[in-house]
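Participant: Okay, so here is upload03.txt, and as you'll see once you scroll down, it has compact mmCIF, C-alpha atoms.
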# COMPACT_ATOMS: atom_id res chain seq x y z
CA MET A 1 130.39 172.86 94.45
CA SER A 2 132.32 172.72 91.15
CA ALA A 3 130.45 169.56 90.12
CA PHE A 4 127.17 171.32 90.68
CA LEU A 5 128.15 174.35 88.63
CA HIS A 6 129.08 172.19 85.66
CA GLN A 7 125.82 170.24 85.42
CA ARG A 8 123.70 170.69 82.32
CA PRO A 9 120.62 172.94 82.77
CA LEU A 10 117.69 171.08 84.24
CA HIS A 11 115.19 169.93 81.64
CA ASN A 12 111.56 170.69 82.40
CA PRO A 13 109.39 168.08 80.71
CA LEU A 14 106.29 170.24 81.22
CA ALA A 15 107.57 173.26 79.31
CA ASP A 16 106.03 174.00 75.88
CA PRO A 17 108.30 172.44 73.24
CA TYR A 18 107.03 174.87 70.59
CA PRO A 19 106.93 178.31 72.26
CA LEU A 20 106.41 180.13 68.94
CA SER A 21 103.58 177.95 67.62
CA PRO A 22 100.08 179.49 67.18
CA PRO A 23 97.64 179.28 70.06
CA SER A 24 95.97 175.93 70.43
CA SER A 25 92.35 175.58 69.42
CA ASN A 26 91.88 173.41 72.50
CA PRO A 27 89.15 175.07 74.56
CA ARG A 28 90.91 174.05 77.83
CA LYS A 29 92.58 176.73 79.94
CA PRO A 30 95.94 177.67 78.43
CA PHE A 31 99.08 176.23 80.17
CA SER A 32 100.83 178.75 82.40
CA THR A 33 104.66 179.06 82.25
CA PHE A 34 104.64 179.23 86.04
CA GLY A 35 102.46 176.23 86.67
CA PRO A 36 102.68 174.14 89.83
CA ALA A 37 105.34 171.77 88.44
CA THR A 38 107.57 174.65 87.34
CA LEU A 39 107.22 176.35 90.70
CA VAL A 40 108.24 173.15 92.43
CA VAL A 41 111.39 173.00 90.28
CA LEU A 42 112.25 176.64 90.95
CA LEU A 43 111.63 176.22 94.66
CA SER A 44 113.92 173.18 94.67
CA LEU A 45 116.64 175.21 92.97
CA LEU A 46 116.30 177.99 95.53
CA ILE A 47 116.61 175.49 98.36
CA ILE A 48 119.71 173.96 96.77
CA LEU A 49 121.29 177.39 96.27
CA GLY A 50 120.34 178.49 99.76
CA VAL A 51 121.62 175.38 101.52
CA PHE A 52 124.41 173.91 99.40
CA PHE A 53 126.46 177.05 98.72
CA PRO A 54 126.55 178.25 102.34
CA TRP A 55 127.41 174.70 103.44
CA ALA A 56 130.23 174.47 100.92
CA SER A 57 131.57 177.83 102.03
CA MET A 58 131.32 176.76 105.66
CA GLN A 59 133.17 173.51 104.89
CA GLN A 60 135.96 175.45 103.19
CA GLY A 61 136.10 177.85 106.11
CA LEU A 62 136.24 175.02 108.62
CA PHE A 63 139.06 173.37 106.68
CA SER A 64 141.03 176.61 106.60
CA VAL A 65 140.52 177.18 110.32
CA THR A 66 141.53 173.57 111.09
CA ASN A 67 144.60 173.86 108.87
CA ARG A 68 145.64 177.14 110.47
CA SER A 69 145.04 175.67 113.91
CA SER A 70 147.22 172.67 113.10
CA LEU A 71 150.06 174.84 111.80
CA THR A 72 149.89 177.03 114.88
CA LYS A 73 149.91 173.94 117.11
CA TRP A 74 153.13 172.59 115.63
CA ARG A 75 154.75 176.03 115.47
CA ASP A 76 154.14 176.37 119.22
CA TYR A 77 155.15 172.76 120.00
CA THR A 78 158.09 172.83 122.42
CA LEU A 79 161.04 170.51 122.86
CA ALA A 80 159.82 169.63 126.36
CA GLN A 81 156.39 168.65 125.00
CA ALA A 82 157.90 166.67 122.12
CA ALA A 83 160.40 164.82 124.31
CA ALA A 84 157.70 163.87 126.83
CA PHE A 85 155.50 162.57 124.01
CA VAL A 86 158.17 160.57 122.18
CA ALA A 87 160.56 159.27 124.86
CA LYS A 88 160.42 155.61 125.79
CA ASN A 89 162.01 154.48 129.06
CA GLY A 90 163.61 157.91 129.37
CA THR A 91 165.40 157.67 126.01
CA LEU A 92 165.13 159.52 122.70
CA ILE A 93 166.64 158.92 119.27
CA VAL A 94 167.22 162.29 117.63
CA CYS A 95 168.20 163.61 114.23
CA ALA A 96 168.27 167.12 112.79
CA VAL A 97 166.86 167.51 109.29
CA SER A 98 166.16 170.22 106.72
CA GLU A 99 163.71 169.69 103.86
CA PRO A 100 166.22 168.64 101.15
CA TYR A 101 167.24 165.67 103.32
CA LEU A 102 163.75 164.21 103.77
CA PRO A 103 164.56 161.23 101.48
CA PHE A 104 167.53 160.39 103.73
CA LEU A 105 165.33 160.78 106.79
CA ASN A 106 162.88 158.27 105.36
CA ASN A 107 165.66 155.83 104.47
CA TRP A 108 167.05 156.05 108.01
CA LEU A 109 163.57 155.63 109.53
CA ILE A 110 162.91 152.47 107.55
CA SER A 111 166.08 150.91 108.96
CA ILE A 112 165.17 151.95 112.51
CA THR A 113 161.62 150.63 112.12
CA ARG A 114 163.07 147.23 111.24
CA GLN A 115 164.76 147.27 114.66
CA LYS A 116 161.49 148.35 116.35
CA HIS A 117 162.85 151.61 117.76
CA GLN A 118 160.95 154.10 115.59
CA ASP A 119 158.53 155.14 118.35
CA LYS A 120 161.28 156.93 120.28
CA VAL A 121 162.49 158.97 117.27
CA LEU A 122 162.23 162.76 117.48
CA VAL A 123 163.00 164.74 114.33
CA ILE A 124 164.43 168.17 115.04
CA ALA A 125 163.18 170.10 112.01
CA GLU A 126 165.47 172.91 110.94
CA ASP A 127 162.75 174.55 108.81
CA TYR A 128 158.97 174.85 108.96
CA ALA A 129 158.39 172.82 105.80
CA THR A 130 159.99 169.81 107.48
CA LEU A 131 158.14 170.44 110.75
CA TYR A 132 154.73 170.47 109.07
CA LYS A 133 155.42 167.63 106.65
CA VAL A 134 156.65 165.20 109.31
CA ASN A 135 153.92 166.06 111.82
CA GLU A 136 151.22 165.85 109.16
CA ARG A 137 152.16 162.21 108.53
CA TRP A 138 153.51 161.31 111.98
CA PRO A 139 151.96 163.68 114.53
CA GLY A 140 154.14 164.78 117.41
CA HIS A 141 157.43 163.35 116.12
CA ALA A 142 158.92 166.62 114.86
CA VAL A 143 159.76 169.82 116.67
CA LEU A 144 161.39 173.06 115.54
CA ILE A 145 163.69 174.92 117.91
CA PRO A 146 163.79 178.56 116.71
CA PRO A 147 165.19 180.19 114.74
CA ALA A 148 164.37 178.24 111.59
CA LEU A 149 167.13 177.90 109.01
CA ASP A 150 167.02 178.36 105.25
CA ALA A 151 165.11 175.41 103.79
CA GLN A 152 165.96 175.93 100.13
CA SER A 153 169.16 173.97 99.70
CA ALA A 154 171.07 170.96 100.98
CA HIS A 155 174.13 172.73 102.32
CA LYS A 156 177.50 171.50 101.15
CA PHE A 157 180.11 170.28 103.60
CA GLY A 158 182.42 173.18 104.47
CA SER A 159 179.90 175.89 103.59
CA GLN A 160 178.62 178.47 106.03
CA GLY A 161 175.16 176.95 105.69
CA PHE A 162 176.52 173.57 106.73
CA PHE A 163 178.25 175.16 109.71
CA ASN A 164 175.06 176.96 110.75
CA PHE A 165 173.18 173.67 110.51
CA THR A 166 175.61 171.47 112.45
CA SER A 167 176.61 174.10 115.02
CA ARG A 168 173.14 173.86 116.58
CA ARG A 169 173.60 170.16 117.37
CA PRO A 170 175.32 170.41 120.79
CA ARG A 171 172.75 172.96 121.97
CA HIS A 172 169.88 170.65 120.97
CA LEU A 173 171.49 167.72 122.76
CA LEU A 174 172.28 169.73 125.87
CA ASN A 175 168.67 170.91 126.05
CA ILE A 176 167.47 167.29 125.95
CA LEU A 177 169.94 166.27 128.66
CA GLU A 178 168.74 169.17 130.82
CA LEU A 179 165.22 167.76 130.49
CA GLY A 180 166.49 164.52 132.04
CA TYR A 181 166.52 162.20 129.00
CA SER A 182 169.19 159.94 127.55
CA VAL A 183 169.61 160.65 123.86
CA MET A 184 171.09 158.97 120.82
CA TYR A 185 171.98 161.32 117.98
CA ASN A 186 172.32 160.10 114.37
CA ASP A 187 172.95 161.85 111.10
CA VAL A 188 170.34 160.68 108.60
CA ASP A 189 172.91 159.44 106.08
CA MET A 190 173.10 156.32 108.26
CA VAL A 191 171.42 152.94 108.03
CA TRP A 192 170.80 150.57 110.93
CA LEU A 193 171.53 146.90 110.18
CA ALA A 194 170.98 145.79 113.78
CA ASP A 195 169.91 147.13 117.16
CA PRO A 196 172.64 149.42 118.58
CA PHE A 197 171.31 149.60 122.14
CA PRO A 198 172.88 146.32 123.36
CA TYR A 199 176.28 147.90 122.58
CA LEU A 200 175.72 150.78 125.02
CA VAL A 201 177.15 148.75 127.86
CA GLY A 202 177.88 150.15 131.30
CA ASN A 203 176.84 153.56 132.56
CA HIS A 204 179.23 155.84 130.74
CA ASP A 205 178.46 159.51 130.07
CA VAL A 206 179.29 159.73 126.37
CA TYR A 207 179.45 156.98 123.71
CA PHE A 208 180.92 157.69 120.26
CA THR A 209 182.59 156.16 117.18
CA ASP A 210 186.01 156.65 115.62
CA ASP A 211 186.10 158.32 112.21
CA MET A 212 189.53 156.95 111.32
CA THR A 213 189.87 154.24 108.66
CA PRO A 214 192.82 152.13 109.92
CA VAL A 215 191.58 148.72 111.04
CA LYS A 216 191.50 148.13 114.78
CA PRO A 217 191.69 144.72 116.46
CA LEU A 218 188.27 143.31 117.33
CA ASN A 219 189.10 143.62 121.04
CA HIS A 220 190.36 147.21 120.78
CA SER A 221 190.30 149.57 123.75
CA HIS A 222 187.14 151.58 124.44
CA ASP A 223 189.13 154.54 125.74
CA LEU A 224 189.40 157.79 123.82
CA PRO A 225 191.98 157.12 121.06
CA PRO A 226 195.26 159.05 120.97
CA PRO A 227 195.38 162.35 119.03
CA GLY A 228 196.12 162.33 115.30
CA LYS A 229 198.35 164.52 113.15
CA LYS A 230 196.42 167.67 113.93
CA GLY A 231 196.91 167.23 117.64
CA ARG A 232 193.37 166.04 118.30
CA THR A 233 191.34 162.87 117.97
CA TYR A 234 189.10 162.03 114.99
CA ILE A 235 185.90 161.03 116.74
CA CYS A 236 182.76 161.25 114.62
CA SER A 237 180.13 163.75 115.80
CA CYS A 238 177.39 162.03 113.79
CA MET A 239 176.68 159.05 116.07
CA ILE A 240 176.61 159.88 119.78
CA PHE A 241 174.81 158.48 122.80
CA LEU A 242 174.55 160.59 125.95
CA ARG A 243 173.19 159.96 129.41
CA PRO A 244 171.77 162.91 131.41
CA THR A 245 174.83 163.13 133.64
CA SER A 246 177.03 166.04 134.67
CA GLY A 247 179.86 164.59 132.56
CA ALA A 248 177.77 164.46 129.37
CA LYS A 249 176.42 167.97 129.97
CA LEU A 250 179.96 169.24 130.50
CA ILE A 251 181.08 167.82 127.14
CA MET A 252 178.13 169.46 125.37
CA LYS A 253 178.87 172.82 127.00
CA LYS A 254 182.54 172.61 126.08
CA TRP A 255 181.57 171.63 122.52
CA ILE A 256 179.46 174.79 122.27
CA GLU A 257 182.33 176.88 123.63
CA GLU A 258 184.82 175.37 121.17
CA MET A 259 182.53 176.22 118.26
CA GLN A 260 182.17 179.78 119.47
CA GLU A 261 185.96 180.05 119.54
CA GLN A 262 186.26 178.59 116.03
CA PRO A 263 183.49 180.27 113.98
CA TRP A 264 183.10 179.73 110.26
CA SER A 265 184.90 182.11 107.90
CA LYS A 266 185.85 182.02 104.22
CA THR A 267 189.43 181.24 105.16
CA GLN A 268 188.65 178.94 108.09
CA LYS A 269 185.75 176.74 106.91
CA ALA A 270 184.99 175.21 110.28
CA ASN A 271 182.48 172.48 111.05
CA ASP A 272 181.26 170.97 114.29
CA GLN A 273 183.45 167.84 114.40
CA PRO A 274 186.85 169.35 115.29
CA ALA A 275 185.18 171.30 118.10
CA PHE A 276 183.60 168.10 119.42
CA ASN A 277 187.00 166.41 119.45
CA TRP A 278 188.66 169.32 121.26
CA ALA A 279 185.87 169.17 123.84
CA LEU A 280 186.54 165.45 124.38
CA ASP A 281 190.34 165.76 124.40
CA LYS A 282 190.45 168.66 126.85
CA ASN A 283 187.91 167.19 129.26
CA VAL A 284 188.68 163.47 129.15
CA ALA A 285 189.35 163.46 132.90
CA GLN A 286 186.02 165.12 133.71
CA ALA A 287 183.72 162.73 131.84
CA ASP A 288 183.33 158.97 131.48
CA LEU A 289 183.89 158.34 127.77
CA TYR A 290 183.34 155.13 125.78
CA LEU A 291 184.52 154.29 122.26
CA LEU A 292 182.07 151.96 120.52
CA PRO A 293 183.45 148.88 118.68
CA GLN A 294 184.71 149.62 115.19
CA ALA A 295 183.34 146.39 113.71
CA ALA A 296 179.80 147.37 114.73
CA PHE A 297 180.02 151.11 113.97
CA PRO A 298 182.46 151.54 111.08
CA THR A 299 183.16 154.84 109.40
CA GLY A 300 182.16 155.05 105.74
CA GLY A 301 185.80 155.33 104.74
CA LEU A 302 186.30 151.80 106.05
CA TYR A 303 182.99 150.09 105.24
CA PHE A 304 182.71 151.31 101.66
CA LYS A 305 186.39 151.11 100.75
CA ASN A 306 187.86 148.05 102.45
CA LYS A 307 186.12 144.99 101.00
CA THR A 308 188.48 142.58 102.76
CA TRP A 309 187.62 144.02 106.17
CA VAL A 310 183.88 143.96 105.37
CA LYS A 311 184.08 140.23 104.58
CA GLU A 312 186.11 139.49 107.70
CA THR A 313 183.60 141.30 109.91
CA LYS A 314 180.44 140.14 108.15
CA GLY A 315 177.51 139.88 110.53
CA MET A 316 179.05 142.32 113.04
CA HIS A 317 177.94 145.60 111.43
CA VAL A 318 175.26 147.59 113.28
CA ILE A 319 175.11 151.14 111.91
CA ILE A 320 176.63 152.13 108.58
CA HIS A 321 177.56 155.79 108.03
CA ASN A 322 177.62 157.03 104.45
CA ASN A 323 180.42 159.55 104.99
CA TYR A 324 183.81 160.00 103.33
CA ILE A 325 181.92 161.13 100.25
CA LEU A 326 180.59 164.56 99.28
CA GLY A 327 177.39 165.30 97.40
CA PHE A 328 173.72 164.51 97.82
CA GLU A 329 173.41 162.40 94.66
CA LYS A 330 176.70 160.60 95.25
CA LYS A 331 175.55 159.46 98.68
CA ILE A 332 172.30 158.13 97.22
CA LYS A 333 174.16 156.30 94.47
CA ARG A 334 176.53 154.65 96.95
CA PHE A 335 173.62 153.54 99.11
CA HIS A 336 172.04 152.11 95.94
CA ASP A 337 175.25 150.30 95.02
CA TYR A 338 175.37 148.61 98.42
CA SER A 339 171.61 147.85 98.57
CA LEU A 340 171.19 150.31 101.43
CA TRP A 341 168.84 152.75 99.68
CA LEU A 342 165.55 151.43 101.01
CA VAL A 343 163.02 154.13 100.12
CA ASP A 344 162.40 153.04 96.53
CA ASP A 345 161.01 149.62 97.43
CA HIS A 346 160.22 149.84 101.14
CA ALA A 347 158.84 153.34 101.74
CA LEU A 348 155.68 151.97 103.31
CA GLU A 349 157.77 150.56 106.17
CA SER A 350 158.52 154.12 107.26
CA PRO A 351 156.20 155.95 109.68
CA LEU A 352 156.17 158.73 107.07
CA GLY A 353 155.15 156.50 104.17
CA ARG A 354 156.19 157.62 100.71
CA ILE A 355 157.28 161.27 100.67
What do you get writing this file as structure tokens?

Facilitator:
Amino acid sequence: MSAFLHQRPLHNPLADPYPLSPPSSNPRKPFSTFGPATLVVLLSLLIILGVFFPWASMQQGLFSVTNRSSLTKWRDYTLAQAAAFVAKNGTLIVCAVSEPYLPFLNNWLISITRQKHQDKVLVIAEDYATLYKVNERWPGHAVLIPPALDAQSAHKFGSQGFFNFTSRRPRHLLNILELGYSVMYNDVDMVWLADPFPYLVGNHDVYFTDDMTPVKPLNHSHDLPPPGKKGRTYICSCMIFLRPTSGAKLIMKKWIEEMQEQPWSKTQKANDQPAFNWALDKNVAQADLYLLPQAAFPTGGLYFKNKTWVKETKGMHVIIHNNYILGFEKKIKRFHDYSLWLVDDHALESPLGRI
């Protein structure tokens, strides 16, 4: 429509080029301004105006209706629908993401795609911007479980916003277990170097990684480690695999209860990980727990800070967690420094493309 409005006026080759010149002495009948050719041109214009403008308006209206319909569809999309659509062989890979962390989501997805597990990924969007953006590019792979959280900032570790974000995690996971699916949870500041599923040996309820940095022997025990200085273990809540068993559901319920008993306050800046550890420690006899091998699933405090250990265990690393560092930009820089920031050169490998 805009192109049409900016065209130059139509030139009528039959119009009199000298409208103010004296009447011609030619005895033929004078030329009429509204001759047949002119009428044809005017009629053509009327047809264009009568057909093109309503069509353009209708197109715009259809687009708006389609867009609104799409937004409503994803707003009403339920966890049960999303899980049924995404799950493969009864298993989901889940992350929880707010809009500021979309670059990390894409980086994580690239690494998962290289291991051919991207099809079972479900993004739990914590805000509507993330929900719409992911589903626009990768339909059906994002769901929002109300209420939506503030999408404006990447919450800092220890802040109330961070607590609000992470405290929803056990509820999300419990809901998935109640639907009958096995689920792997990852934070998106992780990168897969190999396929983790072969390491989920046996039929245990809960699989997890140790967040402590001291080096373990390669054949270390897979039992829950002993408590640390604070009287509890230091298991990481950022990489968990759960089977839909009564033991796994119990741990999730106890995790929720522990967080309710230890809410965030300005003096007690709680986060979800201590509560997860208390849930494990207090219920170790009621669930079948399994500690994943440190060499395959190292904490960031070990992988990024112990070069000797990294060399000794080269080729064994499966998932790298970029923790033990605070700050959005600092995490990106460290990934860059270790050639683990993939989105700059490999964005097209992600199901989301370049975002």

Participant: Out of A:Leu174, A:Leu302, A:Ala129, A:Ala347, which residue has the shortest atom-to-atom distance to Asp211 in chain A when counting all atoms listed in the file?

Facilitator: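 Result for the nearest residue to Asp211 in chain A: A:Leu302.
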
Participant: What does the structure give for the distance between CA of Thr78 in chain A and CA of Leu144 in chain A, in Å to one decimal?

Facilitator: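 Distance reported for this atom pair: 7.6 Å.
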
Participant: So that I can check the surroundings of Pro139 in chain A, please list as a list of chain:residue names every protein, DNA and RNA residue that reaches within 12 Å of it, counting all atoms listed in the file and ignoring chain neighbours fewer than 3 positions away.

Facilitator: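 Surrounding residues, per the criterion: A:Ser70, A:Leu71, A:Lys73, A:Trp74, A:Tyr77, A:Ala82, A:Phe85, A:Val86, A:Asp119, A:Val121, A:Leu122, A:Val123, A:Leu131, A:Tyr132, A:Lys133, A:Val134, A:Asn135, A:Glu136, A:Ala142, A:Val143, A:Pro351, A:Leu352.
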
Participant: For a test of reading the model, state the distance in Å between CA of Glu126 in chain A and CA of Ala148 in chain A, rounded to one decimal.

Facilitator: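 That distance, rounded to one decimal, is 5.5 Å.
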
Participant: Could you name the residues that touch Thr130 in chain A at 7 Å or less, counting all atoms listed in the file, but leaving out those on the same chain fewer than 4 positions away, as a count of residues only?

Facilitator: 4

Participant: CA of Gln81 in chain A and CA of Glu178 in chain A are how many Å apart?

Facilitator: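 Between CA of Gln81 in chain A and CA of Glu178 in chain A the gap is 13.7 Å.
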
Participant: Skip range 220-225 of chain A itself and residues of its chain fewer than 6 positions away, then list as a PyMOL selection string all residues within 8 Å of it, counting only C-alpha atoms.

Facilitator: chain A and resi 233+284+289-293

Participant: Set out as a Markdown table a contact list for range 110-156 of chain A and range 182-199 of chain A with a cut-off of 9 Å, giving each residue of range 110-156 of chain A that qualifies its closest atom pair and distance in Å to one decimal, counting only C-alpha atoms, ordered by chain and rising residue number.

Facilitator:
| residue | atom | partner | partner_atom | distance |
| --- | --- | --- | --- | --- |
| A:Ile110 | CA | A:Val191 | CA | 8.5 |
| A:Ser111 | CA | A:Trp192 | CA | 5.1 |
| A:Ile112 | CA | A:Trp192 | CA | 6.0 |
| A:Arg114 | CA | A:Trp192 | CA | 8.4 |
| A:Gln115 | CA | A:Asp195 | CA | 5.7 |
| A:Lys116 | CA | A:Asp195 | CA | 8.5 |
| A:His117 | CA | A:Asp195 | CA | 8.4 |

Participant: Next, dump the selected residues to file, keeping only C-alpha atoms, as a PDB file, keeping the file's coordinate frame.

Facilitator:
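The result, stored in result19.pdb:
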ATOM      1  CA  ILE A 110     162.910 152.470 107.550  1.00  0.00           C
ATOM      2  CA  SER A 111     166.080 150.910 108.960  1.00  0.00           C
ATOM      3  CA  ILE A 112     165.170 151.950 112.510  1.00  0.00           C
ATOM      4  CA  ARG A 114     163.070 147.230 111.240  1.00  0.00           C
ATOM      5  CA  GLN A 115     164.760 147.270 114.660  1.00  0.00           C
ATOM      6  CA  LYS A 116     161.490 148.350 116.350  1.00  0.00           C
ATOM      7  CA  HIS A 117     162.850 151.610 117.760  1.00  0.00           C
TER       8      HIS A 117
END

Participant: Starting from the incomplete input, reconstruct all heavy atoms of range 109-118 of chain A and write that as a JSON list (two decimals), in the frame of the given file.

Facilitator:
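What landed in result.json:
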[["chain", "number", "residue", "atom", "x", "y", "z"],
["A", 109, "LEU", "N", 164.72, 156.08, 108.74],
["A", 109, "LEU", "CA", 163.57, 155.63, 109.53],
["A", 109, "LEU", "C", 163.16, 154.20, 109.20],
["A", 109, "LEU", "O", 162.76, 153.44, 110.09],
["A", 109, "LEU", "CB", 162.38, 156.57, 109.32],
["A", 109, "LEU", "CG", 162.39, 157.88, 110.10],
["A", 109, "LEU", "CD1", 161.23, 158.77, 109.66],
["A", 109, "LEU", "CD2", 162.32, 157.61, 111.60],
["A", 110, "ILE", "N", 163.24, 153.84, 107.93],
["A", 110, "ILE", "CA", 162.91, 152.47, 107.55],
["A", 110, "ILE", "C", 163.83, 151.49, 108.28],
["A", 110, "ILE", "O", 163.38, 150.48, 108.84],
["A", 110, "ILE", "CB", 163.03, 152.27, 106.03],
["A", 110, "ILE", "CG1", 161.94, 153.09, 105.30],
["A", 110, "ILE", "CG2", 162.91, 150.79, 105.65],
["A", 110, "ILE", "CD1", 162.17, 153.19, 103.81],
["A", 111, "SER", "N", 165.12, 151.82, 108.31],
["A", 111, "SER", "CA", 166.08, 150.91, 108.96],
["A", 111, "SER", "C", 165.85, 150.84, 110.47],
["A", 111, "SER", "O", 166.01, 149.79, 111.08],
["A", 111, "SER", "CB", 167.52, 151.34, 108.64],
["A", 111, "SER", "OG", 167.88, 152.54, 109.32],
["A", 112, "ILE", "N", 165.45, 151.95, 111.07],
["A", 112, "ILE", "CA", 165.17, 151.95, 112.51],
["A", 112, "ILE", "C", 163.88, 151.18, 112.81],
["A", 112, "ILE", "O", 163.79, 150.46, 113.81],
["A", 112, "ILE", "CB", 165.07, 153.40, 113.02],
["A", 112, "ILE", "CG1", 166.44, 154.07, 112.96],
["A", 112, "ILE", "CG2", 164.53, 153.45, 114.46],
["A", 112, "ILE", "CD1", 166.45, 155.51, 113.40],
["A", 113, "THR", "N", 162.89, 151.34, 111.94],
["A", 113, "THR", "CA", 161.62, 150.63, 112.12],
["A", 113, "THR", "C", 161.85, 149.12, 112.12],
["A", 113, "THR", "O", 161.20, 148.38, 112.87],
["A", 113, "THR", "CB", 160.63, 151.03, 111.01],
["A", 113, "THR", "OG1", 160.41, 152.44, 111.07],
["A", 113, "THR", "CG2", 159.30, 150.30, 111.17],
["A", 114, "ARG", "N", 162.78, 148.66, 111.30],
["A", 114, "ARG", "CA", 163.07, 147.23, 111.24],
["A", 114, "ARG", "C", 163.66, 146.72, 112.56],
["A", 114, "ARG", "O", 163.60, 145.52, 112.84],
["A", 114, "ARG", "CB", 164.02, 146.94, 110.08],
["A", 114, "ARG", "CG", 163.37, 147.15, 108.72],
["A", 114, "ARG", "CD", 164.33, 146.92, 107.57],
["A", 114, "ARG", "NE", 163.63, 146.99, 106.29],
["A", 114, "ARG", "CZ", 164.20, 146.77, 105.10],
["A", 114, "ARG", "NH1", 165.50, 146.45, 105.05],
["A", 114, "ARG", "NH2", 163.49, 146.86, 103.99],
["A", 115, "GLN", "N", 164.23, 147.64, 113.34],
["A", 115, "GLN", "CA", 164.76, 147.27, 114.66],
["A", 115, "GLN", "C", 163.79, 147.61, 115.79],
["A", 115, "GLN", "O", 164.13, 147.50, 116.97],
["A", 115, "GLN", "CB", 166.11, 147.97, 114.89],
["A", 115, "GLN", "CG", 167.15, 147.72, 113.81],
["A", 115, "GLN", "CD", 167.40, 146.25, 113.57],
["A", 115, "GLN", "OE1", 167.42, 145.46, 114.51],
["A", 115, "GLN", "NE2", 167.61, 145.87, 112.32],
["A", 116, "LYS", "N", 162.58, 148.08, 115.41],
["A", 116, "LYS", "CA", 161.49, 148.35, 116.35],
["A", 116, "LYS", "C", 161.82, 149.45, 117.36],
["A", 116, "LYS", "O", 161.43, 149.39, 118.54],
["A", 116, "LYS", "CB", 161.07, 147.07, 117.07],
["A", 116, "LYS", "CG", 160.69, 145.94, 116.12],
["A", 116, "LYS", "CD", 160.13, 144.74, 116.87],
["A", 116, "LYS", "CE", 159.92, 143.54, 115.95],
["A", 116, "LYS", "NZ", 159.18, 143.84, 114.72],
["A", 117, "HIS", "N", 162.53, 150.48, 116.89],
["A", 117, "HIS", "CA", 162.85, 151.61, 117.76],
["A", 117, "HIS", "C", 162.29, 152.93, 117.22],
["A", 117, "HIS", "O", 162.65, 154.00, 117.74],
["A", 117, "HIS", "CB", 164.37, 151.74, 117.94],
["A", 117, "HIS", "CG", 164.96, 150.74, 118.87],
["A", 117, "HIS", "ND1", 164.72, 150.75, 120.23],
["A", 117, "HIS", "CD2", 165.79, 149.68, 118.65],
["A", 117, "HIS", "CE1", 165.36, 149.75, 120.81],
["A", 117, "HIS", "NE2", 166.03, 149.08, 119.87],
["A", 118, "GLN", "N", 161.43, 152.87, 116.22],
["A", 118, "GLN", "CA", 160.95, 154.10, 115.59],
["A", 118, "GLN", "C", 160.12, 154.97, 116.53],
["A", 118, "GLN", "O", 160.09, 156.20, 116.37],
["A", 118, "GLN", "CB", 160.16, 153.77, 114.31],
["A", 118, "GLN", "CG", 158.76, 153.20, 114.53],
["A", 118, "GLN", "CD", 158.77, 151.71, 114.82],
["A", 118, "GLN", "OE1", 159.83, 151.10, 115.02],
["A", 118, "GLN", "NE2", 157.59, 151.10, 114.84]]
